[in-house]
Structures are given as C-alpha cells and as structure tokens.
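S.K.: Here's a structure for you.
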Amino acid sequence: MTQNLRCIRGNTLKFQFHVTQNGENLDITGCTLTLTAKWNVTDTGAVFQCTLGAGLTVTDAATGQVEAIISSSQTSTGIPLHQVPLYYDVEMVLAGEVSTVLYGVLTISPNVTNI
C-alpha cells in the first residue's frame with residue numbers, strides 16, 4: 001500500500017495503517033515490523049528507523065492494525081531547514097516471509113517557530 005506523508009520539521013508524526021492481503025485485513029500476530037526512512041532508496045544507511053516497541057505498536061493483531069509514531073527528534077536530527085523528501089517503507093516478517101506492507105514519501109517541511 002502506498003501512503004505519502006507530510007510533517008513539519010521537529011514535530012511528532014503519528015499515523016495508523018492496516019496490514020492487508022488481497023484486500024482483507026491480515027492477522028499479524030507474531031510479526032516483526034521495521035519502518036525505515038532514507039534520503040535515497042539506494043542509500044545503505046537510514047535517516048531513522050522505527051521498530052516494534054520503538055515507534056511501532058500493533059494495536060490489534062487480529063485485524064492487522066498498527067500505529068506508528070515518528071518522534072520529534074527523528075523529524076529534526078540531521079534534517080535541513082528546507083523542505084525535503086524522505087523515502088520510507090515498512091517491512092514485515094511473518095512466519096518467515098518478508099513483505100513490504102507500506103511505502104511512500106515522507107515530506108518534511110521547515111518549522112518556522114524554532115528556526
């Protein structure tokens with residue numbers, strides 16, 4: 001699933017998503033999830049990552065519901081003072097199978113108050 005996101009630099013970004021398969025909610029009990037954001041998709045290092053218990057929370061495993069919280073430090077540390085795109089995805093490992101369950105562009109815009 002594609003979901004483009006927008007955030008102001010230094011703000012906390014909170015959003016929810018459902019993991020689906022063939023249009024149906026997927027039971028993700030026992031999965032691992034990793035959200036990775038990069039300047040370029042080919043970069044070897046991440047700008048930041050979130051994992052289960054550290055920014056990602058499964059709020060209802062039976063229906064595949066997940067909450068993501070990208071912290072204010074993640075949206076500001078190393079982020080320039082002009083609008084920038086970060087490419088992100090969420091990778092899931094469930095029963096030994098790896099799937100990209102969400103991806104898109106996170107656009108971070110400058111914060112006027114704290115510049």
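Every chain in the structure tokens has a letter given in the order shown (A, B, ...), and although residue numbers restart at 1 in each chain, ligands are simply numbered from 1 in the order shown.
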Which residues, written as a PyMOL selection string, have at least one atom at most 9 Å from Ile79 in chain A, with only C-alpha atoms counted and residues fewer than 5 positions away on the same chain left out?

M.R.: chain A and resi 9-10+47+74+84+108

S.K.: Please list as a list in words every residue within 9 Å of Thr32 in chain A, counting only C-alpha atoms and excluding residues in the same chain fewer than 3 positions away.

M.R.: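 The residues that qualify are Ile28, Thr51, Leu52, Glu91, Met92, Val93 and Leu94 of chain A.
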
S.K.: Nearest residue to Asp89 in chain A out of A:Ala37, A:Ile70, A:Ala62, A:Ala46, using only C-alpha atoms?

M.R.: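 Looking only at the distances to Asp89 in chain A, the closest residue turns out to be A:Ala37.
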
S.K.: Kindly indicate which residue among A:Thr63, A:Asn4, A:Asn25, A:Asn11 lies nearest to Thr107 in chain A, using only C-alpha atoms for the distances.

M.R.: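 Ranking A:Thr63, A:Asn4, A:Asn25, A:Asn11 by distance to Thr107 in chain A, first place goes to A:Asn4.
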
S.K.: Using only C-alpha atoms, which of A:Val98, A:Thr12, A:Tyr88, A:His82 sits nearest Gln49 in chain A?

M.R.: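 Smallest separation from Gln49 in chain A among the options: A:Tyr88.
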
S.K.: Mind checking which residues fall within 8 Å of Val105 in chain A, counting only C-alpha atoms, ignoring those fewer than 5 positions away in the same chain, and posting them as a PyMOL selection string?

M.R.: chain A and resi 3-5+85-88

S.K.: Looking at A:Lys14, A:Phe48, A:Thr34, A:Ser109, which one is nearest to Pro80 in chain A, with distances taken over only C-alpha atoms?

M.R.: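 Of all the options, A:Ser109 lies closest to Pro80 in chain A.
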
S.K.: As an MDAnalysis selection string, list the residues of chain A assigned to strand (DSSP E) by DSSP on the backbone atoms of this structure.

M.R.: chainID A and resid 5:8 13:18 20:21 24:25 32:38 48:52 55:60 65:70 84:94 97:109

S.K.: Write out as JSON, numbers by chain the residues lying within 12 Å of Gly23 in chain A, counting only C-alpha atoms and excluding same-chain residues fewer than 3 positions away.

M.R.: {"A": [1, 18, 19, 20, 26, 63, 64]}

S.K.: Just to confirm, what's the straight-line distance from CA of Thr29 in chain A to CA of Asp60 in chain A in Å (one decimal)?

M.R.: 8.8 Å

S.K.: Please provide as a PDB file with N, CA and C atoms, in the first residue's frame all residues within 7 Å of Phe17 in chain A, with the sequence filter that same-chain residues fewer than 2 positions apart are discarded (counting only C-alpha atoms).

M.R.:
```
ATOM      1  N   PHE A  15       0.546   8.159  12.909  1.00  0.00           N
ATOM      2  CA  PHE A  15      -0.427   7.687  11.927  1.00  0.00           C
ATOM      3  C   PHE A  15      -0.693   6.200  12.134  1.00  0.00           C
ATOM      4  N   VAL A  19      -2.461  -3.714   7.888  1.00  0.00           N
ATOM      5  CA  VAL A  19      -1.774  -4.651   7.016  1.00  0.00           C
ATOM      6  C   VAL A  19      -2.837  -5.527   6.371  1.00  0.00           C
ATOM      7  N   GLN A  65      -3.917  -4.008  12.564  1.00  0.00           N
ATOM      8  CA  GLN A  65      -3.844  -2.569  12.819  1.00  0.00           C
ATOM      9  C   GLN A  65      -2.558  -2.199  13.541  1.00  0.00           C
ATOM     10  N   VAL A  66      -1.873  -1.182  12.994  1.00  0.00           N
ATOM     11  CA  VAL A  66      -0.581  -0.738  13.530  1.00  0.00           C
ATOM     12  C   VAL A  66      -0.608   0.778  13.708  1.00  0.00           C
ATOM     13  N   GLU A  67       0.020   1.247  14.780  1.00  0.00           N
ATOM     14  CA  GLU A  67       0.207   2.675  14.990  1.00  0.00           C
ATOM     15  C   GLU A  67       1.697   2.980  14.894  1.00  0.00           C
TER      16      GLU A  67
END
```

S.K.: Under the rule that only C-alpha atoms are counted, which of A:Ala68, A:Ala61, A:Val112, A:Leu81 is the nearest residue to Gln16 in chain A?

M.R.: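 Among the listed residues, the smallest separation from Gln16 in chain A belongs to A:Ala68.
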
S.K.: Go through A:Gly55, A:Gly78, A:Gly96, A:Gly45 and flag the residue nearest Gly30 in chain A, using only C-alpha atoms for the distances.

M.R.: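 Of the candidates, the smallest distance to Gly30 in chain A is held by A:Gly96.
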
S.K.: CA of Ser76 in chain A and CA of Thr59 in chain A are how many Å apart?

M.R.: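 Pair CA of Ser76 in chain A / CA of Thr59 in chain A returns 26.5 Å.
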